[in-house]
$ cat final_6.pdb   # PDB, C-alpha atoms, pLDDT in the B column
ATOM      1  CA  MET A   1      10.046 -12.272 -13.978  1.00 72.00           C
ATOM      2  CA  ARG A   2      12.819 -14.260 -12.332  1.00 74.00           C
ATOM      3  CA  GLY A   3      14.946 -11.116 -12.275  1.00 75.00           C
ATOM      4  CA  LEU A   4      12.203  -9.179 -10.501  1.00 81.00           C
ATOM      5  CA  ILE A   5      11.859 -11.904  -7.892  1.00 84.00           C
ATOM      6  CA  ILE A   6      15.603 -11.750  -7.250  1.00 85.00           C
ATOM      7  CA  HIS A   7      15.397  -7.956  -6.883  1.00 81.00           C
ATOM      8  CA  ALA A   8      12.427  -8.353  -4.541  1.00 87.00           C
ATOM      9  CA  ASP A   9      14.457 -10.751  -2.406  1.00 84.00           C
ATOM     10  CA  ASP A  10      17.341  -8.264  -2.340  1.00 85.00           C
ATOM     11  CA  LEU A  11      14.926  -5.557  -1.230  1.00 88.00           C
ATOM     12  CA  LEU A  12      13.524  -7.628   1.631  1.00 87.00           C
ATOM     13  CA  ARG A  13      17.059  -8.280   2.885  1.00 83.00           C
ATOM     14  CA  ALA A  14      18.279  -4.690   2.443  1.00 80.00           C
ATOM     15  CA  GLY A  15      20.128  -3.346   5.442  1.00 65.00           C
ATOM     16  CA  THR A  16      20.791  -6.788   6.949  1.00 68.00           C
ATOM     17  CA  PRO A  17      24.034  -8.804   7.174  1.00 57.00           C
ATOM     18  CA  SER A  18      22.598 -11.268   4.631  1.00 58.00           C
ATOM     19  CA  ALA A  19      22.170  -8.569   1.955  1.00 60.00           C
ATOM     20  CA  ARG A  20      24.007  -9.517  -1.229  1.00 57.00           C
ATOM     21  CA  HIS A  21      24.732  -5.966  -2.354  1.00 54.00           C
ATOM     22  CA  SER A  22      26.405  -3.072  -0.615  1.00 48.00           C
ATOM     23  CA  GLU A  23      23.799  -0.672  -1.990  1.00 55.00           C
ATOM     24  CA  VAL A  24      21.130  -0.290   0.692  1.00 59.00           C
ATOM     25  CA  THR A  25      18.137   0.299  -1.593  1.00 65.00           C
ATOM     26  CA  PRO A  26      17.611  -0.286  -5.339  1.00 71.00           C
ATOM     27  CA  ARG A  27      17.345   2.574  -7.831  1.00 84.00           C
ATOM     28  CA  PHE A  28      14.086   4.479  -8.157  1.00 88.00           C
ATOM     29  CA  SER A  29      13.087   2.907 -11.485  1.00 90.00           C
ATOM     30  CA  LEU A  30      13.396  -0.606 -10.066  1.00 92.00           C
ATOM     31  CA  LEU A  31      11.384   0.304  -6.965  1.00 93.00           C
ATOM     32  CA  LEU A  32       8.607   1.715  -9.149  1.00 94.00           C
ATOM     33  CA  THR A  33       8.636  -1.450 -11.260  1.00 95.00           C
ATOM     34  CA  LEU A  34       8.300  -3.624  -8.153  1.00 95.00           C
ATOM     35  CA  ILE A  35       5.378  -1.526  -6.906  1.00 96.00           C
ATOM     36  CA  VAL A  36       3.530  -1.726 -10.220  1.00 97.00           C
ATOM     37  CA  VAL A  37       4.132  -5.433 -10.914  1.00 96.00           C
ATOM     38  CA  PHE A  38       3.594  -6.875  -7.434  1.00 97.00           C
ATOM     39  CA  GLY A  39       0.867  -4.388  -6.576  1.00 97.00           C
ATOM     40  CA  ALA A  40      -1.005  -5.319  -9.739  1.00 97.00           C
ATOM     41  CA  GLY A  41      -0.560  -8.998  -8.889  1.00 96.00           C
ATOM     42  CA  TYR A  42      -2.276  -8.631  -5.553  1.00 97.00           C
ATOM     43  CA  GLY A  43      -4.885  -6.283  -7.001  1.00 96.00           C
ATOM     44  CA  ALA A  44      -5.903  -8.940  -9.525  1.00 95.00           C
ATOM     45  CA  ALA A  45      -6.285 -11.496  -6.729  1.00 95.00           C
ATOM     46  CA  MET A  46      -8.197  -8.974  -4.638  1.00 94.00           C
ATOM     47  CA  GLY A  47     -10.663  -8.272  -7.440  1.00 92.00           C
ATOM     48  CA  SER A  48     -11.349 -11.953  -8.129  1.00 91.00           C
ATOM     49  CA  TYR A  49     -13.934 -12.202  -5.343  1.00 90.00           C
ATOM     50  CA  GLY A  50     -17.252 -13.387  -6.730  1.00 81.00           C
ATOM     51  CA  GLY A  51     -19.194 -14.506  -3.657  1.00 72.00           C
ATOM     52  CA  ASP A  52     -21.749 -17.259  -4.285  1.00 63.00           C
ATOM     53  CA  ALA A  53     -21.470 -16.669  -8.042  1.00 60.00           C
ATOM     54  CA  GLY A  54     -17.826 -17.691  -8.059  1.00 58.00           C
ATOM     55  CA  PHE A  55     -15.430 -16.620 -10.793  1.00 57.00           C
ATOM     56  CA  GLY A  56     -17.107 -15.443 -13.948  1.00 52.00           C
ATOM     57  CA  GLY A  57     -19.320 -12.718 -15.324  1.00 55.00           C
ATOM     58  CA  ALA A  58     -17.720  -9.341 -14.643  1.00 63.00           C
ATOM     59  CA  ARG A  59     -14.949 -10.742 -12.419  1.00 81.00           C
ATOM     60  CA  PRO A  60     -12.172 -10.431 -15.038  1.00 88.00           C
ATOM     61  CA  LEU A  61     -13.041  -6.753 -15.495  1.00 89.00           C
ATOM     62  CA  GLN A  62     -12.988  -6.145 -11.734  1.00 90.00           C
ATOM     63  CA  MET A  63      -9.656  -7.957 -11.522  1.00 93.00           C
ATOM     64  CA  PHE A  64      -8.270  -5.651 -14.203  1.00 95.00           C
ATOM     65  CA  TYR A  65      -9.564  -2.562 -12.408  1.00 94.00           C
ATOM     66  CA  SER A  66      -8.164  -3.692  -9.063  1.00 95.00           C
ATOM     67  CA  ALA A  67      -4.809  -4.555 -10.643  1.00 96.00           C
ATOM     68  CA  LEU A  68      -4.596  -0.944 -11.783  1.00 97.00           C
ATOM     69  CA  LYS A  69      -5.844   0.580  -8.563  1.00 96.00           C
ATOM     70  CA  VAL A  70      -3.587  -1.042  -5.958  1.00 97.00           C
ATOM     71  CA  PRO A  71      -0.363   0.432  -7.458  1.00 97.00           C
ATOM     72  CA  LEU A  72      -2.252   3.674  -8.131  1.00 97.00           C
ATOM     73  CA  LEU A  73      -3.330   3.858  -4.490  1.00 96.00           C
ATOM     74  CA  LEU A  74       0.223   3.460  -3.200  1.00 97.00           C
ATOM     75  CA  LEU A  75       1.907   5.756  -5.723  1.00 97.00           C
ATOM     76  CA  ALA A  76      -0.735   8.489  -5.503  1.00 97.00           C
ATOM     77  CA  THR A  77      -0.609   8.445  -1.709  1.00 97.00           C
ATOM     78  CA  PHE A  78       3.179   8.581  -1.824  1.00 97.00           C
ATOM     79  CA  GLY A  79       3.198  11.432  -4.346  1.00 96.00           C
ATOM     80  CA  LEU A  80       0.647  13.533  -2.450  1.00 97.00           C
ATOM     81  CA  SER A  81       2.456  13.041   0.859  1.00 96.00           C
ATOM     82  CA  LEU A  82       5.920  13.868  -0.482  1.00 95.00           C
ATOM     83  CA  PRO A  83       5.683  17.688  -0.945  1.00 96.00           C
ATOM     84  CA  SER A  84       4.894  18.377   2.720  1.00 95.00           C
ATOM     85  CA  TYR A  85       7.649  15.986   3.751  1.00 95.00           C
ATOM     86  CA  PHE A  86      10.085  17.817   1.456  1.00 95.00           C
ATOM     87  CA  VAL A  87       9.150  21.190   2.953  1.00 95.00           C
ATOM     88  CA  ILE A  88       9.588  19.987   6.540  1.00 93.00           C
ATOM     89  CA  ASN A  89      12.965  18.425   5.720  1.00 92.00           C
ATOM     90  CA  SER A  90      14.061  21.695   4.167  1.00 92.00           C
ATOM     91  CA  LEU A  91      12.892  23.779   7.141  1.00 93.00           C
ATOM     92  CA  LEU A  92      14.824  21.547   9.529  1.00 90.00           C
ATOM     93  CA  GLY A  93      17.977  21.748   7.407  1.00 91.00           C
ATOM     94  CA  LEU A  94      17.950  18.056   6.513  1.00 91.00           C
ATOM     95  CA  ARG A  95      17.607  18.359   2.749  1.00 90.00           C
ATOM     96  CA  GLU A  96      21.041  16.791   2.198  1.00 91.00           C
ATOM     97  CA  ASP A  97      19.599  13.499   3.436  1.00 92.00           C
ATOM     98  CA  LEU A  98      16.379  13.818   1.449  1.00 92.00           C
ATOM     99  CA  GLY A  99      17.451  11.560  -1.429  1.00 91.00           C
ATOM    100  CA  VAL A 100      18.343   8.703   0.914  1.00 92.00           C
ATOM    101  CA  ALA A 101      15.157   9.239   2.914  1.00 93.00           C
ATOM    102  CA  VAL A 102      12.891   9.227  -0.156  1.00 94.00           C
ATOM    103  CA  ARG A 103      14.486   6.038  -1.464  1.00 93.00           C
ATOM    104  CA  ALA A 104      13.891   4.399   1.906  1.00 94.00           C
ATOM    105  CA  LEU A 105      10.243   5.520   1.880  1.00 95.00           C
ATOM    106  CA  LEU A 106       9.714   4.280  -1.680  1.00 95.00           C
ATOM    107  CA  ALA A 107      11.437   1.001  -0.834  1.00 94.00           C
ATOM    108  CA  THR A 108       8.849   0.568   1.913  1.00 95.00           C
ATOM    109  CA  GLN A 109       6.061   0.830  -0.673  1.00 96.00           C
ATOM    110  CA  ALA A 110       7.799  -1.777  -2.824  1.00 96.00           C
ATOM    111  CA  CYS A 111       8.218  -4.080   0.177  1.00 95.00           C
ATOM    112  CA  LEU A 112       4.530  -3.702   0.993  1.00 96.00           C
ATOM    113  CA  THR A 113       3.520  -4.841  -2.507  1.00 97.00           C
ATOM    114  CA  VAL A 114       5.927  -7.795  -2.435  1.00 96.00           C
ATOM    115  CA  VAL A 115       4.414  -8.980   0.850  1.00 97.00           C
ATOM    116  CA  LEU A 116       0.894  -8.426  -0.482  1.00 97.00           C
ATOM    117  CA  CYS A 117       1.646 -10.515  -3.554  1.00 96.00           C
ATOM    118  CA  ALA A 118       3.065 -13.267  -1.330  1.00 96.00           C
ATOM    119  CA  LEU A 119      -0.229 -13.246   0.595  1.00 97.00           C
ATOM    120  CA  ALA A 120      -2.362 -13.445  -2.569  1.00 96.00           C
ATOM    121  CA  PRO A 121      -2.707 -17.287  -2.417  1.00 96.00           C
ATOM    122  CA  LEU A 122      -4.150 -16.929   1.091  1.00 96.00           C
ATOM    123  CA  THR A 123      -6.630 -14.342  -0.181  1.00 95.00           C
ATOM    124  CA  LEU A 124      -7.748 -16.671  -2.968  1.00 93.00           C
ATOM    125  CA  THR A 125      -8.080 -19.525  -0.468  1.00 93.00           C
ATOM    126  CA  TRP A 126     -10.223 -17.306   1.751  1.00 92.00           C
ATOM    127  CA  TYR A 127     -12.455 -16.367  -1.199  1.00 90.00           C
ATOM    128  CA  ALA A 128     -12.926 -20.048  -2.003  1.00 88.00           C
ATOM    129  CA  SER A 129     -13.753 -20.889   1.627  1.00 88.00           C
ATOM    130  CA  TYR A 130     -16.015 -18.000   2.646  1.00 84.00           C
ATOM    131  CA  GLN A 131     -18.473 -16.264   0.338  1.00 80.00           C
ATOM    132  CA  ALA A 132     -19.605 -13.348   2.565  1.00 85.00           C
ATOM    133  CA  TYR A 133     -18.620  -9.937   1.206  1.00 86.00           C
ATOM    134  CA  GLU A 134     -17.944  -8.461   4.660  1.00 86.00           C
ATOM    135  CA  GLU A 135     -15.546 -11.292   5.499  1.00 89.00           C
ATOM    136  CA  ALA A 136     -13.729 -10.824   2.198  1.00 90.00           C
ATOM    137  CA  THR A 137     -13.349  -7.116   2.960  1.00 91.00           C
ATOM    138  CA  LEU A 138     -12.039  -7.776   6.456  1.00 92.00           C
ATOM    139  CA  PHE A 139      -9.565 -10.380   5.210  1.00 94.00           C
ATOM    140  CA  ASN A 140      -8.146  -7.924   2.675  1.00 95.00           C
ATOM    141  CA  ALA A 141      -7.869  -5.311   5.417  1.00 93.00           C
ATOM    142  CA  LEU A 142      -5.897  -7.880   7.427  1.00 95.00           C
ATOM    143  CA  THR A 143      -3.510  -8.604   4.535  1.00 97.00           C
ATOM    144  CA  PHE A 144      -2.868  -4.874   4.060  1.00 96.00           C
ATOM    145  CA  ALA A 145      -2.208  -4.542   7.793  1.00 95.00           C
ATOM    146  CA  VAL A 146       0.301  -7.418   7.730  1.00 96.00           C
ATOM    147  CA  ALA A 147       2.020  -5.980   4.647  1.00 96.00           C
ATOM    148  CA  SER A 148       2.137  -2.507   6.219  1.00 95.00           C
ATOM    149  CA  VAL A 149       3.774  -3.825   9.385  1.00 95.00           C
ATOM    150  CA  SER A 150       6.308  -5.708   7.240  1.00 94.00           C
ATOM    151  CA  GLY A 151       7.046  -2.502   5.366  1.00 94.00           C
ATOM    152  CA  GLN A 152       7.637  -0.684   8.649  1.00 94.00           C
ATOM    153  CA  VAL A 153      10.239  -3.271   9.632  1.00 93.00           C
ATOM    154  CA  LEU A 154      12.196  -2.511   6.450  1.00 93.00           C
ATOM    155  CA  LEU A 155      11.663   1.242   6.805  1.00 94.00           C
ATOM    156  CA  ARG A 156      13.116   1.295  10.312  1.00 93.00           C
ATOM    157  CA  ARG A 157      16.114  -0.716   9.110  1.00 92.00           C
ATOM    158  CA  LEU A 158      16.775   1.699   6.258  1.00 92.00           C
ATOM    159  CA  TYR A 159      16.240   4.759   8.441  1.00 93.00           C
ATOM    160  CA  ARG A 160      18.658   3.574  11.116  1.00 93.00           C
ATOM    161  CA  PRO A 161      21.749   5.221   9.495  1.00 92.00           C
ATOM    162  CA  LEU A 162      19.835   8.487   9.039  1.00 94.00           C
ATOM    163  CA  ILE A 163      18.725   8.548  12.683  1.00 94.00           C
ATOM    164  CA  ALA A 164      22.298   7.778  13.761  1.00 94.00           C
ATOM    165  CA  ARG A 165      23.431  10.780  11.708  1.00 93.00           C
ATOM    166  CA  ASP A 166      20.771  13.142  13.075  1.00 94.00           C
ATOM    167  CA  VAL A 167      18.215  12.165  15.709  1.00 94.00           C
ATOM    168  CA  ARG A 168      15.633  14.542  14.180  1.00 94.00           C
ATOM    169  CA  HIS A 169      15.075  11.957  11.457  1.00 95.00           C
ATOM    170  CA  ARG A 170      13.214   9.837  14.012  1.00 94.00           C
ATOM    171  CA  ALA A 171      10.607  12.579  14.491  1.00 93.00           C
ATOM    172  CA  LEU A 172      10.399  13.084  10.724  1.00 94.00           C
ATOM    173  CA  LEU A 173       9.799   9.375  10.227  1.00 94.00           C
ATOM    174  CA  ARG A 174       6.882   9.462  12.668  1.00 94.00           C
ATOM    175  CA  LEU A 175       5.512  12.559  10.967  1.00 94.00           C
ATOM    176  CA  TRP A 176       5.726  10.828   7.584  1.00 95.00           C
ATOM    177  CA  LEU A 177       3.718   7.878   8.872  1.00 94.00           C
ATOM    178  CA  ILE A 178       0.980  10.228  10.114  1.00 95.00           C
ATOM    179  CA  ILE A 179       0.834  12.156   6.828  1.00 95.00           C
ATOM    180  CA  TYR A 180       0.885   8.980   4.744  1.00 96.00           C
ATOM    181  CA  ALA A 181      -1.873   7.315   6.771  1.00 94.00           C
ATOM    182  CA  PHE A 182      -4.048  10.448   6.593  1.00 95.00           C
ATOM    183  CA  VAL A 183      -3.696  10.730   2.815  1.00 96.00           C
ATOM    184  CA  GLY A 184      -3.894   6.961   2.259  1.00 95.00           C
ATOM    185  CA  ILE A 185      -7.271   6.601   3.976  1.00 93.00           C
ATOM    186  CA  GLN A 186      -8.799   9.260   1.740  1.00 93.00           C
ATOM    187  CA  MET A 187      -7.173   7.851  -1.413  1.00 94.00           C
ATOM    188  CA  GLY A 188      -8.461   4.376  -0.595  1.00 92.00           C
ATOM    189  CA  TRP A 189     -11.928   5.868  -0.158  1.00 92.00           C
ATOM    190  CA  LEU A 190     -11.777   7.687  -3.499  1.00 92.00           C
ATOM    191  CA  LEU A 191     -10.537   4.643  -5.438  1.00 92.00           C
ATOM    192  CA  ARG A 192     -13.266   2.244  -4.224  1.00 88.00           C
ATOM    193  CA  PRO A 193     -14.245  -0.469  -5.054  1.00 88.00           C
ATOM    194  CA  PHE A 194     -11.230  -2.753  -4.874  1.00 90.00           C
ATOM    195  CA  ILE A 195     -13.217  -5.948  -4.403  1.00 90.00           C
ATOM    196  CA  GLY A 196     -16.558  -5.210  -6.019  1.00 78.00           C
ATOM    197  CA  ILE A 197     -19.958  -6.241  -4.735  1.00 77.00           C
ATOM    198  CA  PRO A 198     -21.344  -9.306  -6.577  1.00 73.00           C
ATOM    199  CA  GLY A 199     -24.498  -8.395  -8.458  1.00 74.00           C
ATOM    200  CA  ALA A 200     -23.681  -4.676  -8.513  1.00 76.00           C
ATOM    201  CA  PRO A 201     -22.516  -3.003 -11.750  1.00 81.00           C
ATOM    202  CA  THR A 202     -18.766  -3.297 -12.275  1.00 84.00           C
ATOM    203  CA  ARG A 203     -17.209   0.147 -12.560  1.00 85.00           C
ATOM    204  CA  PHE A 204     -13.808   1.677 -11.977  1.00 88.00           C
ATOM    205  CA  LEU A 205     -15.092   4.123  -9.329  1.00 87.00           C
ATOM    206  CA  ARG A 206     -18.292   4.318  -7.320  1.00 81.00           C
ATOM    207  CA  GLU A 207     -20.935   6.948  -7.984  1.00 76.00           C
ATOM    208  CA  ASP A 208     -20.216   8.692  -4.676  1.00 74.00           C
ATOM    209  CA  THR A 209     -16.464   8.736  -5.296  1.00 74.00           C
ATOM    210  CA  TRP A 210     -15.946  12.444  -4.666  1.00 80.00           C
ATOM    211  CA  SER A 211     -16.837  12.329  -1.007  1.00 84.00           C
ATOM    212  CA  ASN A 212     -14.737  12.449   2.124  1.00 88.00           C
ATOM    213  CA  ALA A 213     -13.834   9.398   4.194  1.00 88.00           C
ATOM    214  CA  TYR A 214     -13.433  11.445   7.349  1.00 90.00           C
ATOM    215  CA  VAL A 215     -16.812  13.134   6.946  1.00 89.00           C
ATOM    216  CA  PHE A 216     -18.380   9.692   6.410  1.00 83.00           C
ATOM    217  CA  ILE A 217     -16.728   8.326   9.570  1.00 85.00           C
ATOM    218  CA  ALA A 218     -17.709  11.394  11.594  1.00 89.00           C
ATOM    219  CA  ASN A 219     -21.335  11.099  10.427  1.00 86.00           C
ATOM    220  CA  ARG A 220     -21.466   7.436  11.387  1.00 82.00           C
ATOM    221  CA  ILE A 221     -20.039   8.170  14.831  1.00 85.00           C
ATOM    222  CA  TRP A 222     -22.574  10.978  15.284  1.00 87.00           C
ATOM    223  CA  GLU A 223     -25.416   8.677  14.278  1.00 84.00           C
ATOM    224  CA  VAL A 224     -24.335   6.106  16.853  1.00 78.00           C
ATOM    225  CA  LEU A 225     -23.993   8.716  19.616  1.00 83.00           C
ATOM    226  CA  THR A 226     -27.364  10.348  18.942  1.00 84.00           C
ATOM    227  CA  ARG A 227     -29.494   7.203  18.722  1.00 71.00           C
TER     228      ARG A 227
END

$ encode --input "final_6.pdb" --output "structure tokens"
Amino acid sequence: MRGLIIHADDLLRAGTPSARHSEVTPRFSLLLTLIVVFGAGYGAAMGSYGGDAGFGGARPLQMFYSALKVPLLLLATFGLSLPSYFVINSLLGLREDLGVAVRALLATQACLTVVLCALAPLTLTWYASYQAYEEATLFNALTFAVASVSGQVLLRRLYRPLIARDVRHRALLRLWLIIYAFVGIQMGWLLRPFIGIPGAPTRFLREDTWSNAYVFIANRIWEVLTR
């Protein structure tokens, strides 16, 4: 575990003068390991919410499910977004830089999980302080937002040499963020619940899993507008 923490520290400092290695990003296998280990760590903390009942009952099972689903969410979203990104890179004649770009994008996912895991003690403190389910959900949304912004800081650092080589990489980076966000929202919807509602049956996926997040949002907006 100590070795992973050292690699995580190297990743956070990648592309800065304080980086200890000349290699900008770690190898793919190490990045995947960081995503799985640190993502599972935060997922376990995320699933420990028990509301007024506290820790017990089905909480360990929900923690196990959430530990599996946080890395799955990130890797599935990444994998589904990658083919379109590959095609656009190829059409623009930038395939020579694709390997560097993909490593930078995957490094961003690893950075996100490292930051999430660092925020896990705050999540547990919040669970112990406030029992409302809605507040727990909002706090987790906040931690993901903070981790995502942190990941973007690293991504822009790693993409700087690519943009200096060809300015079209800046537009591709923005396009990637749009594609990833679009796919990620739907994947997060499909993989619910991550926290679990106390008193409700603990299951890996909800009964209405195979629905569409965007249709749900559109219906809610329509309901509000037509009241």

$ atom_distance --input "final_6.pdb" --atom1 "atom CA of Tyr65 of chain A" --atom2 "atom CA of Ala40 of chain A"
9.4 Å

$ atom_distance --input "final_6.pdb" --atom1 "atom CA of Leu122 of chain A" --atom2 "atom CA of Ala45 of chain A"
9.8 Å

$ residues_around --input "final_6.pdb" --residues "Leu98 of chain A" --least-positions-apart "6" --cutoff "10 Å" --atoms "all atoms listed in the file" --output "list in words"
Tyr85, Phe86, Asn89, Ser90, Ala104 and Leu162 of chain A

$ write_last_selection --input "final_6.pdb" --atoms "C-alpha atoms" --output "PDB file, in the frame of the given file"
ATOM      1  CA  TYR A  85       7.649  15.986   3.751  1.00 95.00           C
ATOM      2  CA  PHE A  86      10.085  17.817   1.456  1.00 95.00           C
ATOM      3  CA  ASN A  89      12.965  18.425   5.720  1.00 92.00           C
ATOM      4  CA  SER A  90      14.061  21.695   4.167  1.00 92.00           C
ATOM      5  CA  ALA A 104      13.891   4.399   1.906  1.00 94.00           C
ATOM      6  CA  LEU A 162      19.835   8.487   9.039  1.00 94.00           C
TER       7      LEU A 162
END

$ residues_around --input "final_6.pdb" --residues "Leu32 of chain A" --least-positions-apart "3" --cutoff "12 Å" --atoms "only C-alpha atoms" --output "tab-separated table (two decimals) with C-alpha atoms, in the frame of the given file"
chain	number	residue	atom	x	y	z
A	4	LEU	CA	12.20	-9.18	-10.50
A	8	ALA	CA	12.43	-8.35	-4.54
A	26	PRO	CA	17.61	-0.29	-5.34
A	27	ARG	CA	17.34	2.57	-7.83
A	28	PHE	CA	14.09	4.48	-8.16
A	29	SER	CA	13.09	2.91	-11.48
A	35	ILE	CA	5.38	-1.53	-6.91
A	36	VAL	CA	3.53	-1.73	-10.22
A	37	VAL	CA	4.13	-5.43	-10.91
A	38	PHE	CA	3.59	-6.88	-7.43
A	39	GLY	CA	0.87	-4.39	-6.58
A	40	ALA	CA	-1.00	-5.32	-9.74
A	71	PRO	CA	-0.36	0.43	-7.46
A	72	LEU	CA	-2.25	3.67	-8.13
A	74	LEU	CA	0.22	3.46	-3.20
A	75	LEU	CA	1.91	5.76	-5.72
A	78	PHE	CA	3.18	8.58	-1.82
A	103	ARG	CA	14.49	6.04	-1.46
A	105	LEU	CA	10.24	5.52	1.88
A	106	LEU	CA	9.71	4.28	-1.68
A	107	ALA	CA	11.44	1.00	-0.83
A	108	THR	CA	8.85	0.57	1.91
A	109	GLN	CA	6.06	0.83	-0.67
A	110	ALA	CA	7.80	-1.78	-2.82
A	111	CYS	CA	8.22	-4.08	0.18
A	113	THR	CA	3.52	-4.84	-2.51
A	114	VAL	CA	5.93	-7.80	-2.44

$ residues_around --input "final_6.pdb" --residues "Thr143 of chain A" --least-positions-apart "5" --cutoff "10 Å" --atoms "only C-alpha atoms" --output "list in words"
Val115, Leu116, Cys117, Ala118, Leu119, Ala120, Leu122, Thr123, Leu138, Ser148 and Val149 of chain A

$ resolve_selection --input "final_6.pdb" --expression "the PyMOL selection byres ((chain A and resi 191-194) around 9)" --output "mmCIF file with C-alpha atoms, in the coordinates of the input"
data_model
loop_
_atom_site.group_PDB
_atom_site.id
_atom_site.type_symbol
_atom_site.label_atom_id
_atom_site.label_comp_id
_atom_site.auth_asym_id
_atom_site.auth_seq_id
_atom_site.Cartn_x
_atom_site.Cartn_y
_atom_site.Cartn_z
ATOM 1 C CA GLY A 43 -4.885 -6.283 -7.001
ATOM 2 C CA MET A 46 -8.197 -8.974 -4.638
ATOM 3 C CA GLY A 47 -10.663 -8.272 -7.440
ATOM 4 C CA GLN A 62 -12.988 -6.145 -11.734
ATOM 5 C CA MET A 63 -9.656 -7.957 -11.522
ATOM 6 C CA TYR A 65 -9.564 -2.562 -12.408
ATOM 7 C CA SER A 66 -8.164 -3.692 -9.063
ATOM 8 C CA ALA A 67 -4.809 -4.555 -10.643
ATOM 9 C CA LYS A 69 -5.844 0.580 -8.563
ATOM 10 C CA VAL A 70 -3.587 -1.042 -5.958
ATOM 11 C CA LEU A 72 -2.252 3.674 -8.131
ATOM 12 C CA LEU A 73 -3.330 3.858 -4.490
ATOM 13 C CA GLN A 186 -8.799 9.260 1.740
ATOM 14 C CA MET A 187 -7.173 7.851 -1.413
ATOM 15 C CA GLY A 188 -8.461 4.376 -0.595
ATOM 16 C CA TRP A 189 -11.928 5.868 -0.158
ATOM 17 C CA LEU A 190 -11.777 7.687 -3.499
ATOM 18 C CA ILE A 195 -13.217 -5.948 -4.403
ATOM 19 C CA GLY A 196 -16.558 -5.210 -6.019
ATOM 20 C CA ILE A 197 -19.958 -6.241 -4.735
ATOM 21 C CA THR A 202 -18.766 -3.297 -12.275
ATOM 22 C CA ARG A 203 -17.209 0.147 -12.560
ATOM 23 C CA PHE A 204 -13.808 1.677 -11.977
ATOM 24 C CA LEU A 205 -15.092 4.123 -9.329
ATOM 25 C CA ARG A 206 -18.292 4.318 -7.320
ATOM 26 C CA THR A 209 -16.464 8.736 -5.296
#

$ closest_residue --input "final_6.pdb" --among "A:Leu80, A:Ile163, A:Val146, A:Leu124" --to "Asp97 of chain A" --atoms "only C-alpha atoms"
A:Ile163

$ closest_residue --input "final_6.pdb" --among "A:Ile179, A:Ala164, A:Val215, A:Leu31" --to "Pro83 of chain A" --atoms "all atoms listed in the file"
A:Ile179

$ axis_aligned_box --input "final_6.pdb" --around "segment 84-98 of chain A" --padding-each-side "5 Å" --output "lines of an AutoDock Vina configuration file"
center_x = 13.0
center_y = 18.6
center_z = 5.5
size_x = 26.1
size_y = 20.3
size_z = 18.1

$ closest_residue --input "final_6.pdb" --among "A:Leu12, A:Leu94, A:Val100, A:Leu34" --to "His169 of chain A" --atoms "all atoms listed in the file"
A:Leu94

$ build_atoms --input "final_6.pdb" --residues "segment 135-147 of chain A" --atoms "N, CA and C atoms" --output "PDB file, in the coordinates of the input"
ATOM      1  N   GLU A 135     -16.723 -10.521   5.093  1.00 89.00           N
ATOM      2  CA  GLU A 135     -15.546 -11.292   5.499  1.00 89.00           C
ATOM      3  C   GLU A 135     -14.409 -11.126   4.499  1.00 89.00           C
ATOM      4  N   ALA A 136     -14.755 -11.051   3.223  1.00 90.00           N
ATOM      5  CA  ALA A 136     -13.729 -10.824   2.198  1.00 90.00           C
ATOM      6  C   ALA A 136     -13.074  -9.462   2.400  1.00 90.00           C
ATOM      7  N   THR A 137     -13.880  -8.460   2.722  1.00 91.00           N
ATOM      8  CA  THR A 137     -13.349  -7.116   2.960  1.00 91.00           C
ATOM      9  C   THR A 137     -12.427  -7.097   4.166  1.00 91.00           C
ATOM     10  N   LEU A 138     -12.854  -7.743   5.246  1.00 92.00           N
ATOM     11  CA  LEU A 138     -12.039  -7.776   6.456  1.00 92.00           C
ATOM     12  C   LEU A 138     -10.737  -8.537   6.243  1.00 92.00           C
ATOM     13  N   PHE A 139     -10.789  -9.616   5.453  1.00 94.00           N
ATOM     14  CA  PHE A 139      -9.565 -10.380   5.210  1.00 94.00           C
ATOM     15  C   PHE A 139      -8.563  -9.541   4.412  1.00 94.00           C
ATOM     16  N   ASN A 140      -9.048  -8.793   3.429  1.00 95.00           N
ATOM     17  CA  ASN A 140      -8.146  -7.924   2.675  1.00 95.00           C
ATOM     18  C   ASN A 140      -7.576  -6.821   3.561  1.00 95.00           C
ATOM     19  N   ALA A 141      -8.387  -6.307   4.470  1.00 93.00           N
ATOM     20  CA  ALA A 141      -7.869  -5.311   5.417  1.00 93.00           C
ATOM     21  C   ALA A 141      -6.753  -5.919   6.263  1.00 93.00           C
ATOM     22  N   LEU A 142      -6.919  -7.197   6.643  1.00 95.00           N
ATOM     23  CA  LEU A 142      -5.897  -7.880   7.427  1.00 95.00           C
ATOM     24  C   LEU A 142      -4.613  -8.048   6.628  1.00 95.00           C
ATOM     25  N   THR A 143      -4.722  -8.423   5.351  1.00 97.00           N
ATOM     26  CA  THR A 143      -3.510  -8.604   4.535  1.00 97.00           C
ATOM     27  C   THR A 143      -2.777  -7.275   4.356  1.00 97.00           C
ATOM     28  N   PHE A 144      -3.520  -6.184   4.180  1.00 96.00           N
ATOM     29  CA  PHE A 144      -2.868  -4.874   4.060  1.00 96.00           C
ATOM     30  C   PHE A 144      -2.194  -4.494   5.372  1.00 96.00           C
ATOM     31  N   ALA A 145      -2.813  -4.847   6.496  1.00 95.00           N
ATOM     32  CA  ALA A 145      -2.208  -4.542   7.793  1.00 95.00           C
ATOM     33  C   ALA A 145      -0.905  -5.313   7.973  1.00 95.00           C
ATOM     34  N   VAL A 146      -0.913  -6.600   7.625  1.00 96.00           N
ATOM     35  CA  VAL A 146       0.301  -7.418   7.730  1.00 96.00           C
ATOM     36  C   VAL A 146       1.393  -6.868   6.823  1.00 96.00           C
ATOM     37  N   ALA A 147       1.038  -6.516   5.589  1.00 96.00           N
ATOM     38  CA  ALA A 147       2.020  -5.980   4.647  1.00 96.00           C
ATOM     39  C   ALA A 147       2.561  -4.636   5.123  1.00 96.00           C
TER      40      ALA A 147
END
